[in-house]
$ cat model.cif   # mmCIF, C-alpha atoms
data_my_file
#
loop_
_atom_site.label_atom_id
_atom_site.label_comp_id
_atom_site.auth_asym_id
_atom_site.auth_seq_id
_atom_site.Cartn_x
_atom_site.Cartn_y
_atom_site.Cartn_z
CA MET A 20 -61.44 -14.19 45.93
CA ASP A 21 -58.29 -12.30 46.86
CA ASP A 22 -56.98 -12.56 50.41
CA LEU A 23 -55.01 -9.35 50.10
CA VAL A 24 -58.03 -7.28 49.06
CA ASP A 25 -60.30 -9.02 51.59
CA ASP A 26 -57.81 -8.44 54.40
CA PHE A 27 -57.39 -4.81 53.42
CA ILE A 28 -61.12 -4.09 53.31
CA ALA A 29 -61.62 -5.87 56.64
CA ARG A 30 -58.79 -3.77 58.07
CA ARG A 31 -56.72 -6.75 59.11
CA PRO A 32 -53.08 -5.67 59.56
CA SER A 33 -52.01 -8.40 57.14
CA GLY A 34 -53.90 -6.58 54.36
CA LEU A 35 -51.76 -3.49 54.63
CA GLU A 36 -48.58 -5.45 55.30
CA LYS A 37 -49.01 -7.56 52.15
CA ALA A 38 -49.77 -4.47 50.06
CA TYR A 39 -46.66 -2.77 51.40
CA GLU A 40 -44.53 -5.84 50.74
CA LEU A 41 -45.67 -5.99 47.11
CA TRP A 42 -45.69 -2.31 46.23
CA SER A 43 -43.46 -0.44 48.70
CA ARG A 44 -40.97 0.58 46.02
CA VAL A 45 -43.57 2.19 43.80
CA PHE A 46 -45.07 3.97 46.82
CA VAL A 47 -41.69 5.39 47.79
CA GLY A 48 -40.88 6.18 44.17
CA VAL A 49 -44.11 8.17 43.77
CA ALA A 50 -43.55 10.07 47.03
CA ARG A 51 -39.92 10.87 46.32
CA HIS A 52 -40.76 12.13 42.87
CA SER A 53 -42.57 15.02 44.60
CA VAL A 54 -40.85 15.22 47.98
CA SER A 55 -37.13 14.96 47.49
CA ASP A 56 -36.23 14.49 51.15
CA ARG A 57 -36.23 10.77 51.87
CA ALA A 58 -37.55 10.96 55.43
CA ARG A 59 -40.38 13.30 54.51
CA ALA A 60 -41.28 11.22 51.47
CA GLU A 61 -41.50 8.13 53.68
CA ASP A 62 -43.68 10.12 56.09
CA CYS A 63 -46.05 10.68 53.18
CA VAL A 64 -46.12 6.96 52.35
CA HIS A 65 -46.76 6.08 55.99
CA ASP A 66 -49.50 8.68 56.49
CA ALA A 67 -51.26 7.91 53.21
CA LEU A 68 -51.33 4.15 53.80
CA ILE A 69 -52.49 4.46 57.40
CA ARG A 70 -55.21 6.92 56.43
CA VAL A 71 -56.71 4.76 53.72
CA TRP A 72 -56.31 1.55 55.73
CA ARG A 73 -58.35 3.13 58.51
CA ALA A 74 -61.08 4.21 56.07
CA PRO A 75 -61.36 1.18 53.78
CA ASN A 76 -65.03 1.84 53.09
CA ARG A 77 -63.81 4.24 50.43
CA PHE A 78 -62.30 1.37 48.43
CA GLN A 79 -64.04 -1.29 46.39
CA GLY A 80 -62.43 -3.35 43.66
CA ASN A 81 -59.79 -5.89 42.78
CA ARG A 82 -56.05 -6.08 43.51
CA GLU A 83 -54.95 -3.86 40.62
CA MET A 84 -57.53 -1.27 41.59
CA LEU A 85 -56.29 -1.39 45.18
CA LYS A 86 -52.73 -0.81 43.98
CA ALA A 87 -53.88 2.16 41.87
CA TYR A 88 -55.92 3.54 44.76
CA LEU A 89 -52.97 3.36 47.13
CA ILE A 90 -50.60 4.94 44.61
CA ALA A 91 -53.05 7.81 44.06
CA SER A 92 -53.34 8.23 47.83
CA VAL A 93 -49.56 8.47 48.22
CA ARG A 94 -49.38 10.96 45.36
CA ASN A 95 -52.11 13.13 46.88
CA GLU A 96 -50.49 12.93 50.32
CA SER A 97 -47.15 14.03 48.88
CA PHE A 98 -48.69 17.04 47.17
CA ALA A 99 -50.80 17.89 50.20
CA MET A 100 -47.67 17.99 52.35
CA LEU A 101 -46.08 20.46 49.99
CA ARG A 102 -49.21 22.57 49.70
CA SER A 103 -49.76 22.71 53.45
CA GLN A 104 -46.49 24.47 54.14
CA SER A 105 -45.24 27.77 52.90
CA ARG A 106 -42.14 29.15 51.25
CA ARG A 107 -39.65 26.64 52.54
CA ASP A 108 -41.63 23.89 50.88
CA ALA A 109 -42.14 25.91 47.75
CA ARG A 110 -38.37 25.98 47.47
CA GLU A 111 -38.23 22.25 48.08
CA LEU A 112 -40.81 21.65 45.38
CA LYS A 113 -38.76 23.68 43.00
CA ALA A 114 -35.67 21.69 43.95
CA ALA A 115 -37.58 18.44 43.50
CA ARG A 116 -38.36 19.42 39.94
CA LEU A 117 -34.71 19.94 39.21
CA THR A 118 -33.10 17.15 41.20
CA PRO A 119 -33.68 13.53 40.27
CA VAL A 120 -33.77 10.88 42.97
CA GLU A 121 -30.13 10.11 43.64
CA THR A 122 -30.31 6.36 44.11
CA VAL A 123 -32.13 4.78 41.23
CA ASP A 124 -32.13 1.04 41.77
CA SER A 125 -34.51 0.38 38.92
CA ILE A 126 -37.70 1.63 37.44
CA VAL A 127 -40.79 0.02 38.85
CA ASP A 128 -41.67 -2.26 35.96
CA PRO A 129 -39.63 -2.18 32.70
CA VAL A 130 -42.32 -3.91 30.61
CA GLU A 131 -45.05 -1.64 31.90
CA ALA A 132 -42.79 1.38 31.37
CA GLN A 133 -42.26 0.41 27.73
CA ARG A 134 -46.01 0.03 27.14
CA LEU A 135 -46.51 3.40 28.77
CA GLN A 136 -43.91 5.10 26.57
CA GLY A 137 -45.68 3.80 23.47
CA ALA A 138 -49.07 4.98 24.66
CA LEU A 139 -47.70 8.41 25.61
CA ALA A 140 -46.09 8.73 22.18
CA ARG A 141 -49.47 8.18 20.52
CA LEU A 142 -51.07 11.12 22.36
CA PRO A 143 -51.44 14.46 20.56
CA GLU A 144 -48.45 16.64 21.38
CA GLU A 145 -50.34 19.29 23.35
CA GLN A 146 -52.07 16.66 25.51
CA ARG A 147 -48.85 14.74 26.13
CA LYS A 148 -47.07 17.92 27.15
CA ALA A 149 -49.82 18.98 29.59
CA LEU A 150 -49.94 15.53 31.21
CA ALA A 151 -46.16 15.22 31.42
CA LEU A 152 -45.85 18.63 33.08
CA ALA A 153 -48.54 17.64 35.57
CA TYR A 154 -47.33 14.17 36.50
CA TYR A 155 -43.60 14.13 35.82
CA GLY A 156 -43.08 17.89 36.22
CA ASN A 157 -45.01 18.09 39.50
CA LYS A 158 -46.92 21.13 38.33
CA THR A 159 -50.51 22.03 39.03
CA HIS A 160 -52.91 22.73 36.19
CA VAL A 161 -52.87 26.38 37.28
CA GLU A 162 -49.07 26.53 36.92
CA ILE A 163 -49.16 24.75 33.57
CA ALA A 164 -51.77 27.18 32.23
CA ALA A 165 -49.59 30.12 33.27
CA GLU A 166 -46.43 28.55 31.84
CA LEU A 167 -47.96 27.73 28.47
CA GLY A 168 -50.11 30.87 28.30
CA VAL A 169 -53.23 28.81 27.74
CA PRO A 170 -56.59 29.18 29.55
CA LEU A 171 -57.00 27.02 32.67
CA GLY A 172 -60.04 25.25 31.25
CA THR A 173 -58.08 24.24 28.17
CA ILE A 174 -55.32 22.72 30.27
CA LYS A 175 -57.81 20.78 32.38
CA SER A 176 -59.41 19.46 29.18
CA ARG A 177 -56.06 18.45 27.70
CA ILE A 178 -55.03 16.56 30.83
CA SER A 179 -58.42 14.92 31.14
CA MET A 180 -58.45 13.86 27.47
CA ALA A 181 -54.89 12.56 27.74
CA MET A 182 -55.80 10.43 30.76
CA ARG A 183 -58.86 8.98 29.05
CA LYS A 184 -56.97 8.22 25.83
CA LEU A 185 -54.19 6.55 27.80
CA GLN A 186 -56.73 4.46 29.65
CA ALA A 187 -58.30 3.28 26.40
CA ASP A 188 -54.92 2.73 24.75
CA LEU A 189 -53.40 0.76 27.64
CA ALA A 190 -56.55 -1.34 28.00
CA GLY A 191 -56.54 -2.01 24.24
CA ILE A 192 -52.92 -3.07 24.20
CA GLY A 193 -53.49 -5.29 27.20
CA GLY A 194 -56.48 -6.92 25.52
CA SER A 195 -54.84 -7.58 22.15
CA SER A 196 -51.52 -9.02 23.29
CA THR A 197 -51.30 -12.81 23.35
CA MET B 9 -76.15 15.72 45.09
CA THR B 10 -73.91 18.24 43.37
CA GLU B 11 -73.28 17.99 39.64
CA HIS B 12 -70.87 15.34 38.35
CA LEU B 13 -67.14 15.81 38.67
CA GLY B 14 -66.23 16.27 35.02
CA GLU B 15 -62.54 16.71 34.31
CA ASP B 16 -61.61 16.87 37.99
CA ALA B 17 -62.08 13.08 38.02
CA GLU B 18 -58.92 12.73 35.90
CA LEU B 19 -57.01 15.49 37.71
CA TYR B 20 -57.69 14.06 41.18
CA PRO B 21 -55.37 11.00 41.08
CA LEU B 22 -52.58 13.14 39.63
CA GLY B 23 -52.47 14.98 42.96
CA ILE B 24 -52.63 18.42 41.35
CA LEU B 25 -55.99 19.66 42.63
CA ASP B 26 -56.02 22.05 45.58
CA ASP B 27 -57.28 20.94 48.98
CA GLU B 28 -60.79 22.26 48.49
CA ALA B 29 -61.17 20.52 45.13
CA VAL B 30 -59.82 17.28 46.61
CA ARG B 31 -62.40 17.38 49.41
CA LYS B 32 -65.14 18.06 46.86
CA VAL B 33 -64.10 15.05 44.78
CA GLU B 34 -63.97 12.77 47.83
CA ARG B 35 -67.36 13.93 49.08
CA HIS B 36 -68.88 13.38 45.65
CA ILE B 37 -67.50 9.91 44.91
CA ALA B 38 -68.73 8.68 48.30
CA LEU B 39 -72.26 9.22 46.98
CA CYS B 40 -71.97 8.90 43.16
CA SER B 41 -71.04 5.51 41.75
CA ALA B 42 -70.66 6.82 38.18
CA CYS B 43 -68.01 9.34 39.19
CA ALA B 44 -66.40 6.84 41.57
CA GLU B 45 -65.95 4.52 38.57
CA ARG B 46 -64.49 7.34 36.48
CA VAL B 47 -62.04 8.21 39.27
CA ALA B 48 -61.09 4.54 39.64
CA GLN B 49 -60.23 4.38 35.94
CA ALA B 50 -58.16 7.55 36.23
CA GLN B 51 -56.35 6.07 39.22
CA SER B 52 -55.40 3.07 37.08
CA VAL B 53 -53.90 5.39 34.48
CA ALA B 54 -52.03 7.34 37.17
CA ALA B 55 -50.67 4.03 38.48
CA SER B 56 -49.41 3.27 34.96
CA LEU B 57 -47.68 6.66 34.85
CA ALA B 58 -45.87 5.70 38.03
CA ALA B 59 -44.32 2.75 36.19
CA ALA B 60 -41.80 5.10 34.57
CA LEU B 61 -40.58 6.55 37.86
CA PRO B 62 -37.44 5.47 39.70
CA ALA B 63 -38.16 2.90 42.40
CA PRO B 64 -35.81 3.47 45.33
CA ALA B 65 -35.93 0.90 48.10
CA PRO B 66 -37.65 2.12 51.25
CA SER B 67 -35.72 2.29 54.48
CA PRO B 68 -36.31 -0.68 56.82
CA ALA B 69 -37.63 1.83 59.36
CA LEU B 70 -40.66 2.59 57.18
CA GLY B 71 -41.89 -0.99 57.30
CA ARG B 72 -41.44 -1.06 61.08
CA ARG B 73 -43.34 2.21 61.50
CA LEU B 74 -46.24 0.92 59.48
CA ARG B 75 -46.39 -2.28 61.50
CA ASP B 76 -46.24 -0.31 64.74
CA SER B 77 -49.09 1.88 63.56
CA ILE B 78 -51.44 -0.99 62.76
CA ARG B 79 -50.44 -3.71 65.21
CA PRO B 80 -51.55 -3.15 68.81
CA ARG B 81 -48.75 -3.25 71.32
CA PRO B 82 -49.01 -4.64 74.87
CA PRO B 83 -49.60 -2.05 77.63
CA ALA B 84 -46.13 -2.56 79.12
CA GLY B 85 -44.57 -1.64 75.80
CA ILE B 86 -46.74 1.43 75.54
CA LEU B 87 -45.61 2.64 78.93
CA ARG B 88 -42.00 2.23 77.97
CA ALA B 89 -42.37 3.75 74.53
CA SER B 90 -44.64 6.65 75.24
CA ALA B 91 -45.49 7.34 78.83
CA PHE B 92 -46.72 10.82 77.97
CA ARG B 93 -49.14 9.63 75.36
CA PHE B 94 -50.41 6.95 77.67
CA ALA B 95 -50.94 9.51 80.44
CA VAL B 96 -52.84 11.81 78.10
CA ALA B 97 -55.10 8.96 77.06
CA ALA B 98 -55.74 7.91 80.63
CA VAL B 99 -56.49 11.45 81.81
CA ILE B 100 -58.89 12.07 78.95
CA ALA B 101 -60.61 8.78 79.50
CA LEU B 102 -60.81 9.15 83.27
CA ALA B 103 -62.06 12.71 83.25
CA LEU B 104 -64.56 12.50 80.44
CA ILE B 105 -65.60 8.91 80.12
CA GLY B 106 -65.28 7.37 83.55
CA LEU B 107 -63.35 4.74 85.41
CA SER B 108 -64.80 1.78 83.53
CA TRP B 109 -63.56 3.19 80.24
CA GLN B 110 -60.15 3.79 81.68
CA THR B 111 -60.02 0.02 81.98
CA LEU B 112 -60.26 -0.15 78.21
CA VAL B 113 -57.40 2.28 77.92
CA LEU B 114 -55.30 0.13 80.20
CA ARG B 115 -55.96 -2.85 77.98
CA GLY B 116 -53.95 -1.02 75.44
CA ARG B 117 -56.03 -0.48 72.35
CA LEU B 118 -57.05 3.13 72.84
CA ALA B 119 -53.55 4.14 73.84
CA THR B 120 -52.13 2.70 70.62
CA GLU B 121 -54.39 4.75 68.40
CA ASP B 122 -51.95 7.58 67.86
CA LEU B 123 -54.09 9.35 65.32
CA ALA B 124 -57.20 9.19 67.50
CA LEU B 125 -55.35 10.52 70.52
CA VAL B 126 -53.79 13.41 68.68
CA THR B 127 -57.21 14.25 67.25
CA MET B 128 -58.81 14.19 70.69
CA VAL B 129 -56.12 16.22 72.39
CA HIS B 130 -56.75 19.07 69.98
CA SER B 131 -60.55 18.94 70.04
CA HIS B 132 -63.61 19.59 72.14
CA PHE B 133 -65.71 16.48 72.07
CA ASN B 134 -68.82 14.79 73.44
CA HIS B 135 -69.43 11.14 74.18
CA VAL B 136 -72.46 8.92 74.12
CA SER B 137 -73.11 5.31 75.10
CA MET B 138 -74.66 3.31 72.30
CA ALA B 139 -78.07 1.79 73.04
CA PRO B 140 -77.98 -2.00 72.92
CA GLU B 141 -80.05 -3.69 70.25
CA SER B 142 -80.83 -7.36 69.58
CA ALA B 143 -80.58 -10.28 71.99
CA ASN B 144 -76.81 -10.24 71.83
CA PRO B 145 -75.84 -6.56 71.90
CA VAL B 146 -72.41 -5.01 72.10
CA ALA B 147 -71.23 -2.42 74.65
CA ALA B 148 -69.91 0.57 72.77
CA LYS B 149 -69.33 4.29 73.13
CA ILE B 150 -68.82 7.03 70.61
CA LEU B 151 -66.58 10.04 71.17
CA TYR B 152 -67.26 12.78 68.65
CA ALA B 153 -66.04 16.29 67.96
CA ARG B 154 -68.51 19.02 68.85
CA ASP B 155 -67.97 20.54 65.44
CA GLY B 156 -68.70 17.20 63.78
CA ALA B 157 -65.21 16.86 62.30
CA TRP B 158 -64.57 13.33 63.57
CA ILE B 159 -66.08 10.42 65.44
CA TYR B 160 -64.34 7.62 67.31
CA ILE B 161 -66.24 4.42 68.01
CA ILE B 162 -65.02 2.06 70.73
CA ALA B 163 -66.65 -1.33 71.27
CA ASP B 164 -65.89 -3.73 74.12
CA LYS B 165 -65.86 -7.46 73.33
CA PRO B 166 -67.16 -7.03 69.76
CA GLY B 167 -67.87 -10.75 69.33
CA GLY B 168 -67.11 -10.65 65.60
CA PRO B 169 -66.62 -8.02 62.90
CA LEU B 170 -68.68 -4.89 63.62
CA HIS B 171 -69.86 -2.82 60.71
CA ALA B 172 -70.58 0.88 61.30
CA ILE B 173 -73.27 2.68 59.32
CA ALA B 174 -73.66 6.46 59.63
CA LYS B 175 -76.78 8.43 58.88
CA MET B 176 -76.31 12.00 57.67
CA ALA B 177 -78.58 14.67 56.19
CA THR B 178 -77.71 13.50 52.68
CA GLY B 179 -78.13 9.79 53.30
CA ARG B 180 -76.36 6.77 54.74
CA VAL B 181 -72.63 6.14 54.55
CA ASP B 182 -70.91 2.85 55.19
CA LEU B 183 -67.96 3.57 57.50
CA GLY B 184 -66.54 0.06 57.21
CA VAL B 185 -65.55 -2.50 59.80
CA LEU B 186 -64.16 -1.56 63.20
CA ALA B 187 -60.51 -2.52 63.59
CA SER B 188 -60.34 -5.31 66.12
CA ALA B 189 -57.58 -5.61 68.69
CA GLY B 190 -58.29 -8.47 71.03
CA GLU B 191 -61.17 -7.51 73.29
CA THR B 192 -61.85 -4.10 71.81
CA ALA B 193 -62.59 -2.73 68.37
CA THR B 194 -62.29 0.88 67.26
CA LEU B 195 -62.91 3.14 64.31
CA LEU B 196 -61.89 6.74 63.72
CA PHE B 197 -63.71 8.51 60.90
CA ARG B 198 -63.68 12.05 59.58
CA PRO B 199 -67.01 12.73 57.87
CA HIS B 200 -67.61 15.49 55.38
CA GLU B 201 -70.81 16.48 57.13
CA ARG B 202 -72.23 15.95 60.59
CA ILE B 203 -73.22 12.42 61.40
CA ARG B 204 -76.66 12.26 62.99
CA SER B 205 -76.68 8.66 64.13
CA ILE B 206 -74.62 5.49 64.07
CA ILE B 207 -75.69 1.87 63.86
CA LEU B 208 -73.35 -1.04 64.56
CA ARG B 209 -74.12 -4.28 62.78
CA ARG B 210 -72.73 -7.75 63.37
CA ALA B 211 -73.47 -10.43 60.77
CA GLY B 212 -76.19 -8.24 59.27
CA THR B 213 -77.99 -7.64 62.60
CA SER B 214 -78.07 -4.29 64.39
CA VAL B 215 -76.39 -4.68 67.78
CA ALA B 216 -76.10 -1.05 68.96
CA SER B 217 -77.16 2.42 67.92
CA ALA B 218 -76.74 6.01 69.04
CA THR B 219 -77.92 9.47 68.08
CA LEU B 220 -75.33 12.24 68.22
CA ALA B 221 -76.28 15.66 69.66
CA TYR B 222 -74.13 18.67 68.83
#
$ encode --input "model.cif" --output "structure tokens"
Amino acid sequence: MDDLVDDFIARRPSGLEKAYELWSRVFVGVARHSVSDRARAEDCVHDALIRVWRAPNRFQGNREMLKAYLIASVRNESFAMLRSQSRRDARELKAARLTPVETVDSIVDPVEAQRLQGALARLPEEQRKALALAYYGNKTHVEIAAELGVPLGTIKSRISMAMRKLQADLAGIGGSST
Amino acid sequence: MTEHLGEDAELYPLGILDDEAVRKVERHIALCSACAERVAQAQSVAASLAAALPAPAPSPALGRRLRDSIRPRPPAGILRASAFRFAVAAVIALALIGLSWQTLVLRGRLATEDLALVTMVHSHFNHVSMAPESANPVAAKILYARDGAWIYIIADKPGGPLHAIAKMATGRVDLGVLASAGETATLLFRPHERIRSIILRRAGTSVASATLAY
């Protein structure tokens, strides 16, 4: 029984408000990693959260799964905003790749970040590179394939394999630590 | 059902698929529990990747905007804040739904649904009254786009959480619970295919239904 998840699924305002209170920094961090302009990044967070809160039938699961679902929604909203506009945004995307967020108060979770670094380091080099370009480099699989001169299907496979290995690795580490 | 998602399940939560591929994934996982589970696992990994990103504090305005978007405001506040939007809502309601439904607008709920209003202003839409079912039915109407792109359900005095079930050519889809705001409850939904009929349930009992004609 989790009041936050129950409230969210039932579309009570408190469900979204609690989720925002707990995870607002990671939402904004994810949006600003793709959309460098602060106001537009916050638009993405707002629009993504409102959209999924109004369609909660798409979500089932526990609190961690809700957090992951919301983060993925913010990430997709941020990329959709960039895709939906033309050259001006293409320039902004390029700038976002080059310019780090200027006010870094902290990373989201230092312990989790350390676990993640270990798991990433255990990936085969070509898979780690493809995933890093996709997530941290804000590049599509089409762009990565062109940049590395590798077939599109190969890049999709590398990213997919990297994600599945990370999932198994992070779950394994979580299960073995005492 | 189309074939399973394959590698797109892992690419989807990274945000790198194009719009068409995103829609395909979302349509598929609404109907396929195996792929929905695979996407959920990939979302967990993507959430872990986010742990290494900087975490700037949001502006206080963002929290206020979110609250304003989900908390209904009193009619007086709406008039002060957005007289134009309120007028648009009232005109649409009066012209296409009738005076009794304008009363609902004046109660405030419909006028606060920014997303629904914007959607309606830019669409051609039909409306239908839902047929009452059971001994304790609910009065409800459905506004829906003529091209099937969206539906908006409005119930008066819901009398408890109302669950909306949609029937489409490919099967039934659970639309979730209508958002309640005092004496009205509403739900805006954008289906991936035309909805043929809607059933409202309260505590497991059907209380209203309607067939949509396009």
$ interface_residues --input "model.cif" --of "chain B" --to "chain A" --cutoff "6 Å" --atoms "only C-alpha atoms" --output "MDAnalysis selection string"
chainID B and resid 15 18 21 23:24 51:53 55 59:65 78 183:184 187
$ residues_around --input "model.cif" --residues "region 135-150 of chain B" --least-positions-apart "3" --cutoff "10 Å" --atoms "only C-alpha atoms" --output "JSON, numbers by chain"
{"B": [104, 105, 109, 153, 154, 159, 160, 161, 162, 163, 164, 165, 166, 167, 170, 192, 193, 194, 195, 196, 205, 206, 207, 208, 209, 210, 213, 214, 215, 216, 217, 218, 219, 220, 221]}
$ atom_distance --input "model.cif" --atom1 "CA of His200 (chain B)" --atom2 "CA of Ala172 (chain B)"
16.0 Å
$ closest_residue --input "model.cif" --among "B:Trp158, B:Pro66, B:Arg198, B:Arg204" --to "Met176 (chain B)" --atoms "all atoms listed in the file"
B:Arg204
$ atom_distance --input "model.cif" --atom1 "CA of Arg82 (chain A)" --atom2 "CA of Ala44 (chain B)"
16.7 Å
$ atom_distance --input "model.cif" --atom1 "CA of Arg79 (chain B)" --atom2 "CA of Val185 (chain B)"
16.1 Å
$ resolve_selection --input "model.cif" --expression "the PyMOL selection byres ((chain B and resi 134) around 6)" --output "list in words"
Phe133, His135, Leu151 and Tyr152 of chain B
$ closest_residue --input "model.cif" --among "A:Gly168, A:Ala138, A:Glu145, A:Cys63" --to "Leu70 (chain B)" --atoms "all atoms listed in the file"
A:Cys63
$ axis_aligned_box --input "model.cif" --around "region 155-160 of chain B" --padding-each-side "5 Å" --output "AutoDock Vina command-line options"
--center_x -66.5 --center_y 14.1 --center_z 64.8 --size_x 14.4 --size_y 22.9 --size_z 15.0
